[in-house]
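K.L.:
Below is a structure I'd like to ask you about.
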Amino acid sequence: MAVQKLPLAKALNESLRKALETDPKVLIMGEDVGKLGGVFRITDGLQKDFGEDRVIDTPLAESGIVGTAIGLALRGYRPVVEIQFDGFVFPAYDQIVTQLAKMHARALGKIKLPVVIRIPYGGGIGAVEHHSESPEALFAHVAGLKVVSPSNSSDAYWMLQQAIQSDDPVIFFEPKRRYWDKSEVDTEAIPGRLHAARVAQPGSDITLAAYGPMVKVCLEAAAAAAEEGKSVEVIDLRSMSPIDFDTIQTSVEKTRRLVVVHEAPVFYGSGAEIAARITERCFYHLEAPVLRVGGFHAPYPPARLEEEYLPGLDRVLDAVDRSLAY
Amino acid sequence: MTVESTAAARKPRRASKRASATKKPQSSEPQLVQLLTPEGERVQHPEYDIDLSADELRGLYRDMVLTRRFDSEATALQRQGELGLWASLLGQEAAQIGSGRALRDDDYVFPTYREHGVAWCRGVDPTNLLGMFRGVNHGGWDPTTNNFHLYTIVIGSQTLHATGYAMGVAKDGADSAVIAYFGDGASSQGDVAESFTFSAVYNAPVVFFCQNNQWAISEPTERQTRVPLYQRAQGFGFPGVRVDGNDVLACLAVTRSALERARRGEGPTLVEAFTYRMGAHTTSDDPTKYRHDDERAAWEAKDPILRLRTYLEAEGHADEAFFTSLDEESDVLAKRVREAVRAMPDPEDMAMFDHVYADGHSLVDEERAQFAAYQASFAEEGN
């Protein structure tokens with residue numbers, strides 16, 4: 001099919017289809033992933049084509065889903081697990097943190113756990129409580145897990161392939177409010193590395209670092225800033241564990257200013273880690289402290305308030321101005 | 001209102017509270033599957049039977065004696081400071097050897113952290129079990145060598161791994177079975193309930209082997225359940241059976257039957273081995289704070305090893321030379337374990353960075369290099 005324009009959701013669907021075709025050990029597990037194709041239709045049509053043995057509707061029990069996926073991985077399978085919504089992952093948090101993340105080390109490397117946990121995350125879709133959260137830092141903090149998030153259809157397609165091929169457990173955060181955004185996917189391209197950051201927009205005055213749903217906001221901010229004569233570089237981090245600090249460092253050594261943007265609460269968020277490390281690496285290059293824009297230290301608000309809670313274009317531009325004012 | 005209930009209602013609140021706290025489950029105590037009484041008498045059971053040669057019976061006896069000797073040596077090694085902690089299996093030898101010897105080589109075991117007897121049956125070298133208790137690793141044996149998974153410390157987690165593994169066995173069309181060990185305390189964990197649900201709906205070839213040793217550290221089984229544990233299976237749609245956990249023959253027969261059922265594609269079984277933790281929860285525990293000596297004394301009379309010895313002697317299946325030679329073999333094992341533990345080297349400093357990831361991670365690489373440089377700086381300074 002080579003190059004075509006696909007919604008991010010469809011790119012994920014094509015990626016899963018490819019993985020099921022390529023490797024008979026790949027399984028898909030989750031609530032409503034079968035006939036329904038998942039509540040976001042990411043697995044649409046896959047059970048029909050690959051059967052109930054490979055695309056498995058599970059009981060409604062997240063710890064059970066991840067715990068049995070671990071057992072299947074020990075038997076030689078490569079389970080790709082869907083957690084229906086970000087806020088529902090916590091019943092599985094114990095299995096993910098105490099078992100999935102640590103079992104490879106516990107066995108001194110003698111067993112591997114190639115399990116992918118897909119989680120639609122983030123807000124902006126007017127949902128009820130527990131359907132709009134960004135818990136990525138809670139996973140990035142755990143050694144043994146890798147954490148990634150695509151921002152566009154091409155990355156959605158390729159990063160999911162790479163996550164499934166990885167011998168490590170990968171938490172794959174899908175920006176749910178971007179599911180319907182279309183962009184180009186080249187299914188015959190040679191993909192970049194799973195954990196490498198990407199310069200999404202080159203610039204020279206300031207760097208914006210973001211991932212997942214906020215990359216689009218940052219690109220819009222860069223366009224708006226350009227009209228005022230400010231040249232903004234946007235980095236799509238793509239991976240929250242590991243983080244490609246080298247790419248950020250290269251950018252900051254050039255622009256001397258950095259703002260990190262994510263939907264997740266700023267407090268203990270990935271922006272804090274990036275600010276600390278980039279300050280250490282680029283201390284003599286920085287013209288301003290690393291600033292962060294993100295969610296507040298408050299529960300994700302009711303939908304009518306989420307536009308205020310989420311870092312939008314204006315809050316990103318405000319941070320750009322504050323940084324440039326130093 | 002009857003006279004009795006009125007009288008009960010007038011009881012002082014404190015007394016009635018105490019009465020309810022110690023009240024036994026209302027259903028009468030269920031029958032145990034038993035093939036060998038505490039007195040060493042061979043009895044018949046309508047559903048379960050087993051026909052073992054004298055050689056096989058001596059083999060089970062030997063397994064239990066060696067396991068107990070290994071266990072007591074490990075306790076001694078903890079007291080001498082060679083191990084940081086030990087979780088003794090004292091009293092549970094029959095449950096573990098009986099179920100362990102029911103397994104085929106291609107079956108897969110998911111243990112807790114107390115299954116030293118099962119490990120023995122699987123051919124895991126006992127010294128390998130001691131690394132984690134000495135603090136030199138978190139397990140470290142290759143689970144695939146003996147189809148014996150690593151010890152799992154988080155209570156109940158492994159029942160889901162066993163279920164998933166069993167789902168994989170069924171997908172592969174293999175006729176192997178999987179066994180998940182857990183205890184009466186774990187029966188309260190959500191993961192155990194979820195593993196019952198998953199295994200039932202997918203008809204997974206797994207046997208849930210619950211050693212009800214009556215105590216979850218200081219909490220008696222009454223604090224975990226109002227019904228006999230084996231009855232839990234019924235609500236999930238598969239059979240449960242309670243077996244005398246101190247009767248190695250019954251444990252072998254019942255587990256074998258449950259494994260065969262799994263192999264035939266008939267799904268999971270819950271086996272509740274009714275036994276007793278004769279020792280402390282671990283070497284860090286003090287059972288005198290919460291249970292009476294007379295309870296232990298009552299269970300001592302049901303000792304799993306003693307009853308088989310009585311039977312072997314009565315039937316003329318073993319002579320004095322056998323027991324003497326086994327004592328010598330036990331001492332040799334204990335000596336070997338003791339020497340192996342004392343010789344176990346501490347891991348290299350940098351080992352903590354090994355195997356965090358299978359495919360590597362840039363942060364781990366960076367921190368490893370930084371820490372190595374930091375360590376090396378002392379050498380350069382000549383310290």
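Chain identifiers are assigned as A, B, and so on, following the order in which chains appear in the structure tokens; residues are numbered from 1 within each chain, and ligands are numbered from 1 in order of appearance.
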Just need the residues of chain A within 7 Å of chain B, counting only C-alpha atoms, so spit them out as a compact mmCIF listing (two decimals) with C-alpha atoms, in the first residue's frame.

P.N.:
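After the write, result.txt holds the following:
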# COMPACT_ATOMS: atom_id res chain seq x y z
CA PRO A 59 -13.04 -10.89 31.21
CA ALA A 61 -10.36 -7.53 34.91
CA SER A 63 -4.91 -7.30 36.53
CA GLY A 64 -6.08 -10.58 35.02
CA GLY A 67 -1.18 -11.23 34.56
CA THR A 68 -2.30 -13.79 31.98
CA ALA A 69 -0.41 -11.90 29.26
CA ILE A 70 2.74 -12.42 31.35
CA GLY A 71 1.99 -16.15 31.50
CA LEU A 72 1.41 -16.26 27.74
CA LEU A 74 6.45 -17.03 29.34
CA ARG A 75 4.96 -19.66 27.04
CA HIS A 104 13.56 -10.37 33.33
CA ALA A 105 16.00 -9.06 35.95
CA ARG A 106 14.71 -11.51 38.58
CA ALA A 107 15.58 -14.34 36.19
CA LEU A 108 19.02 -12.81 35.50
CA GLY A 109 18.00 -12.41 31.88
CA LYS A 110 16.99 -16.02 31.33
CA LYS A 112 12.04 -12.31 28.33
CA ALA A 143 12.90 0.35 35.71
CA GLY A 144 12.20 -2.54 33.36
CA ASP A 167 11.86 -8.16 23.81
CA ASP A 168 11.07 -5.74 26.64
CA PRO A 242 14.24 6.05 27.66

K.L.:
Tell me, as JSON, numbers by chain, which residues lie within 10 Å of range 210-226 of chain B, counting only C-alpha atoms; anything in the same chain fewer than 2 positions away does not count.

P.N.:
{"B": [21, 22, 23, 24, 25, 26, 27, 89, 91, 92, 95, 96, 180, 181, 182, 183, 184, 185, 186, 187, 188, 189, 207, 208, 228, 229, 230, 232, 242, 243, 245, 270, 271, 272, 273, 274, 275, 276, 277, 278, 280, 281, 282, 285, 286, 287, 288, 289, 290, 291]}

K.L.:
Quick one: DSSP strand (DSSP E) residues in range 131-245 of chain A, as a VMD selection string?

P.N.:
chain A and resid 146 to 148 170 to 175 182 to 186 198 to 201 206 to 210 232 to 236 239 to 241

K.L.:
Any chance you can output those residues with C-alpha atoms as a CSV table (one decimal), in the first residue's frame?

P.N.:
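Heads up, here's the output in selection06.csv:
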chain,number,residue,atom,x,y,z
A,146,LYS,CA,9.8,1.2,28.2
A,147,VAL,CA,7.2,4.0,27.6
A,148,VAL,CA,6.5,5.5,24.2
A,170,VAL,CA,6.5,-1.6,26.4
A,171,ILE,CA,3.7,0.7,27.6
A,172,PHE,CA,2.3,2.2,24.4
A,173,PHE,CA,0.4,5.4,25.1
A,174,GLU,CA,-2.0,6.4,22.3
A,175,PRO,CA,-3.1,10.0,22.1
A,182,LYS,CA,-5.0,12.0,9.3
A,183,SER,CA,-1.4,12.0,8.2
A,184,GLU,CA,0.8,10.1,5.8
A,185,VAL,CA,2.0,6.6,6.4
A,186,ASP,CA,4.6,4.9,4.3
A,198,ARG,CA,12.5,13.7,16.2
A,199,VAL,CA,12.8,17.4,15.3
A,200,ALA,CA,9.3,18.0,14.1
A,201,GLN,CA,9.9,21.6,13.2
A,206,ILE,CA,13.6,28.4,21.5
A,207,THR,CA,12.9,24.7,21.8
A,208,LEU,CA,9.5,23.2,22.6
A,209,ALA,CA,9.7,19.5,23.7
A,210,ALA,CA,6.5,17.5,23.7
A,232,VAL,CA,10.5,27.9,17.4
A,233,GLU,CA,12.0,24.4,17.2
A,234,VAL,CA,9.6,21.6,18.1
A,235,ILE,CA,10.9,18.2,19.3
A,236,ASP,CA,8.6,15.2,19.3
A,239,SER,CA,9.7,8.0,24.0
A,240,MET,CA,9.4,8.8,27.7
A,241,SER,CA,11.5,5.9,28.7

K.L.:
One number please: CA of Ala174 in chain B to CA of Leu27 in chain A, in Å, one decimal.

P.N.:
17.9 Å

K.L.:
Report as a PyMOL selection string all protein, DNA and RNA residues lying within 9 Å of range 79-83 of chain A, evaluated on only C-alpha atoms, omitting residues in the same chain fewer than 3 positions from it.

P.N.:
chain A and resi 16+25-31+33+38+62+65-66+69-70+72-73+86+88-89+114-120+164

K.L.:
Determine, counting only C-alpha atoms, which protein, DNA and RNA residues have an atom within 10 Å of an atom of Val142 in chain A; residues of the same chain fewer than 6 positions away are not included. Present the result as a ChimeraX atom specification.

P.N.:
/A:96-98,101-102,241

K.L.:
Keeping only C-alpha atoms, take the residues you just selected and write them out as a PDB file, in the first residue's frame.

P.N.:
ATOM      1  CA  ILE A  96       2.929  -4.275  35.609  1.00  0.00           C
ATOM      2  CA  VAL A  97       5.243  -2.918  38.306  1.00  0.00           C
ATOM      3  CA  THR A  98       6.007  -5.940  40.490  1.00  0.00           C
ATOM      4  CA  ALA A 101       8.847  -4.866  34.834  1.00  0.00           C
ATOM      5  CA  LYS A 102      11.053  -6.985  37.081  1.00  0.00           C
ATOM      6  CA  SER A 241      11.544   5.893  28.727  1.00  0.00           C
TER       7      SER A 241
END

K.L.:
Could you tell me how far CA of Val136 in chain B lies from CA of Val337 in chain B, in Å and to one decimal?

P.N.:
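If I compute the distance from CA of Val136 in chain B to CA of Val337 in chain B, I get 15.4 Å.
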
K.L.:
I'd like the neighbourhood of Ser88 in chain B as JSON, numbers by chain, where a residue qualifies if any of its atoms comes within 12 Å (using only C-alpha atoms), though same-chain residues fewer than 6 positions away should be ignored.

P.N.:
{"B": [67, 68, 69, 70, 71, 72, 73, 74, 75, 76, 77, 78, 113, 114, 115, 116, 117, 130, 133, 213, 276, 277, 278, 279, 280, 281, 282, 283, 284, 285]}

K.L.:
Keeping N, CA and C atoms, export the residues of the selection given above as a PDB file, in the first residue's frame.

P.N.:
ATOM      1  N   THR B  67      13.863 -33.122  52.077  1.00  0.00           N
ATOM      2  CA  THR B  67      13.345 -31.756  52.023  1.00  0.00           C
ATOM      3  C   THR B  67      13.330 -31.142  53.421  1.00  0.00           C
ATOM      4  N   ARG B  68      12.888 -31.936  54.399  1.00  0.00           N
ATOM      5  CA  ARG B  68      12.844 -31.405  55.772  1.00  0.00           C
ATOM      6  C   ARG B  68      14.267 -31.126  56.284  1.00  0.00           C
ATOM      7  N   ARG B  69      15.190 -31.983  55.929  1.00  0.00           N
ATOM      8  CA  ARG B  69      16.566 -31.773  56.389  1.00  0.00           C
ATOM      9  C   ARG B  69      17.159 -30.524  55.739  1.00  0.00           C
ATOM     10  N   PHE B  70      16.891 -30.370  54.451  1.00  0.00           N
ATOM     11  CA  PHE B  70      17.336 -29.157  53.755  1.00  0.00           C
ATOM     12  C   PHE B  70      16.740 -27.923  54.418  1.00  0.00           C
ATOM     13  N   ASP B  71      15.446 -28.004  54.711  1.00  0.00           N
ATOM     14  CA  ASP B  71      14.733 -26.873  55.301  1.00  0.00           C
ATOM     15  C   ASP B  71      15.312 -26.500  56.669  1.00  0.00           C
ATOM     16  N   SER B  72      15.591 -27.512  57.494  1.00  0.00           N
ATOM     17  CA  SER B  72      16.115 -27.202  58.828  1.00  0.00           C
ATOM     18  C   SER B  72      17.541 -26.656  58.721  1.00  0.00           C
ATOM     19  N   GLU B  73      18.265 -27.115  57.711  1.00  0.00           N
ATOM     20  CA  GLU B  73      19.617 -26.576  57.505  1.00  0.00           C
ATOM     21  C   GLU B  73      19.541 -25.095  57.115  1.00  0.00           C
ATOM     22  N   ALA B  74      18.569 -24.782  56.260  1.00  0.00           N
ATOM     23  CA  ALA B  74      18.406 -23.383  55.836  1.00  0.00           C
ATOM     24  C   ALA B  74      18.032 -22.505  57.026  1.00  0.00           C
ATOM     25  N   THR B  75      17.163 -23.010  57.892  1.00  0.00           N
ATOM     26  CA  THR B  75      16.808 -22.251  59.104  1.00  0.00           C
ATOM     27  C   THR B  75      18.064 -22.017  59.951  1.00  0.00           C
ATOM     28  N   ALA B  76      18.874 -23.059  60.099  1.00  0.00           N
ATOM     29  CA  ALA B  76      20.110 -22.923  60.876  1.00  0.00           C
ATOM     30  C   ALA B  76      21.050 -21.900  60.228  1.00  0.00           C
ATOM     31  N   LEU B  77      21.122 -21.934  58.899  1.00  0.00           N
ATOM     32  CA  LEU B  77      21.998 -20.989  58.193  1.00  0.00           C
ATOM     33  C   LEU B  77      21.530 -19.549  58.404  1.00  0.00           C
ATOM     34  N   GLN B  78      20.197 -19.370  58.514  1.00  0.00           N
ATOM     35  CA  GLN B  78      19.702 -18.018  58.796  1.00  0.00           C
ATOM     36  C   GLN B  78      20.118 -17.617  60.208  1.00  0.00           C
ATOM     37  N   TYR B 113       6.910 -18.587  47.495  1.00  0.00           N
ATOM     38  CA  TYR B 113       8.312 -18.552  47.939  1.00  0.00           C
ATOM     39  C   TYR B 113       8.601 -19.653  48.961  1.00  0.00           C
ATOM     40  N   ARG B 114       7.661 -20.618  49.119  1.00  0.00           N
ATOM     41  CA  ARG B 114       7.835 -21.629  50.162  1.00  0.00           C
ATOM     42  C   ARG B 114       7.850 -23.042  49.565  1.00  0.00           C
ATOM     43  N   GLU B 115       7.893 -23.143  48.243  1.00  0.00           N
ATOM     44  CA  GLU B 115       7.724 -24.462  47.608  1.00  0.00           C
ATOM     45  C   GLU B 115       9.047 -25.213  47.455  1.00  0.00           C
ATOM     46  N   HIS B 116       9.800 -25.296  48.528  1.00  0.00           N
ATOM     47  CA  HIS B 116      11.111 -25.956  48.447  1.00  0.00           C
ATOM     48  C   HIS B 116      10.980 -27.436  48.120  1.00  0.00           C
ATOM     49  N   GLY B 117       9.911 -28.041  48.595  1.00  0.00           N
ATOM     50  CA  GLY B 117       9.691 -29.470  48.315  1.00  0.00           C
ATOM     51  C   GLY B 117       9.328 -29.709  46.861  1.00  0.00           C
ATOM     52  N   LEU B 130      18.567 -20.752  47.646  1.00  0.00           N
ATOM     53  CA  LEU B 130      19.042 -19.976  48.788  1.00  0.00           C
ATOM     54  C   LEU B 130      19.636 -18.622  48.406  1.00  0.00           C
ATOM     55  N   PHE B 133      17.497 -15.749  49.413  1.00  0.00           N
ATOM     56  CA  PHE B 133      17.395 -15.576  50.867  1.00  0.00           C
ATOM     57  C   PHE B 133      18.721 -15.106  51.470  1.00  0.00           C
ATOM     58  N   ASN B 213      -2.358 -23.713  55.212  1.00  0.00           N
ATOM     59  CA  ASN B 213      -1.550 -24.095  56.384  1.00  0.00           C
ATOM     60  C   ASN B 213      -2.055 -23.401  57.642  1.00  0.00           C
ATOM     61  N   TYR B 276      -0.603 -27.705  57.912  1.00  0.00           N
ATOM     62  CA  TYR B 276      -0.280 -26.815  59.019  1.00  0.00           C
ATOM     63  C   TYR B 276       1.162 -26.328  58.903  1.00  0.00           C
ATOM     64  N   ARG B 277       1.293 -25.027  59.092  1.00  0.00           N
ATOM     65  CA  ARG B 277       2.638 -24.445  59.108  1.00  0.00           C
ATOM     66  C   ARG B 277       3.217 -24.670  60.500  1.00  0.00           C
ATOM     67  N   MET B 278       4.084 -25.687  60.623  1.00  0.00           N
ATOM     68  CA  MET B 278       4.592 -26.048  61.950  1.00  0.00           C
ATOM     69  C   MET B 278       5.540 -24.983  62.505  1.00  0.00           C
ATOM     70  N   GLY B 279       6.200 -24.286  61.629  1.00  0.00           N
ATOM     71  CA  GLY B 279       7.149 -23.279  62.082  1.00  0.00           C
ATOM     72  C   GLY B 279       6.556 -21.878  61.999  1.00  0.00           C
ATOM     73  N   ALA B 280       7.453 -20.914  62.068  1.00  0.00           N
ATOM     74  CA  ALA B 280       7.047 -19.520  61.929  1.00  0.00           C
ATOM     75  C   ALA B 280       6.800 -19.223  60.452  1.00  0.00           C
ATOM     76  N   HIS B 281       6.135 -18.087  60.166  1.00  0.00           N
ATOM     77  CA  HIS B 281       5.934 -17.666  58.772  1.00  0.00           C
ATOM     78  C   HIS B 281       7.278 -17.579  58.064  1.00  0.00           C
ATOM     79  N   THR B 282       8.185 -16.857  58.673  1.00  0.00           N
ATOM     80  CA  THR B 282       9.585 -16.851  58.236  1.00  0.00           C
ATOM     81  C   THR B 282      10.434 -16.760  59.503  1.00  0.00           C
ATOM     82  N   THR B 283      11.733 -16.746  59.328  1.00  0.00           N
ATOM     83  CA  THR B 283      12.625 -16.625  60.483  1.00  0.00           C
ATOM     84  C   THR B 283      12.472 -15.277  61.192  1.00  0.00           C
ATOM     85  N   SER B 284      11.781 -14.316  60.560  1.00  0.00           N
ATOM     86  CA  SER B 284      11.569 -13.018  61.207  1.00  0.00           C
ATOM     87  C   SER B 284      10.304 -12.989  62.057  1.00  0.00           C
ATOM     88  N   ASP B 285       9.552 -14.071  62.035  1.00  0.00           N
ATOM     89  CA  ASP B 285       8.226 -14.095  62.667  1.00  0.00           C
ATOM     90  C   ASP B 285       8.315 -14.730  64.059  1.00  0.00           C
TER      91      ASP B 285
END

K.L.:
In Å, how far is it from CA of Lys176 in chain A to CA of Ile125 in chain A?

P.N.:
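The value is 8.0 Å.
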
K.L.:
Calculated over only C-alpha atoms, which of the candidates B:Phe371, B:Gly81, B:Glu313, B:Pro304 has the smallest distance to Leu249 in chain B?

P.N.:
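When distances to Leu249 in chain B are compared using only C-alpha atoms, the smallest one comes from B:Pro304.
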
K.L.:
From the set B:Asp247, B:Asp175, B:Glu339, B:Glu367, which residue has the shortest atom-to-atom contact distance to Gly265 in chain B, counting only C-alpha atoms?

P.N.:
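Distance minimum relative to Gly265 in chain B lands on B:Asp175.
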
K.L.:
Write out as a list of chain:residue names which residues come within 12 Å of Ala224 in chain A when counting only C-alpha atoms, dropping same-chain ones fewer than 5 positions away.

P.N.:
A:Val217, A:Cys218, A:Leu219, A:Gly229, A:Lys230, A:Ser231, A:Val232, A:Leu313, A:Asp314, A:Val316, A:Leu317, A:Asp318, A:Val320
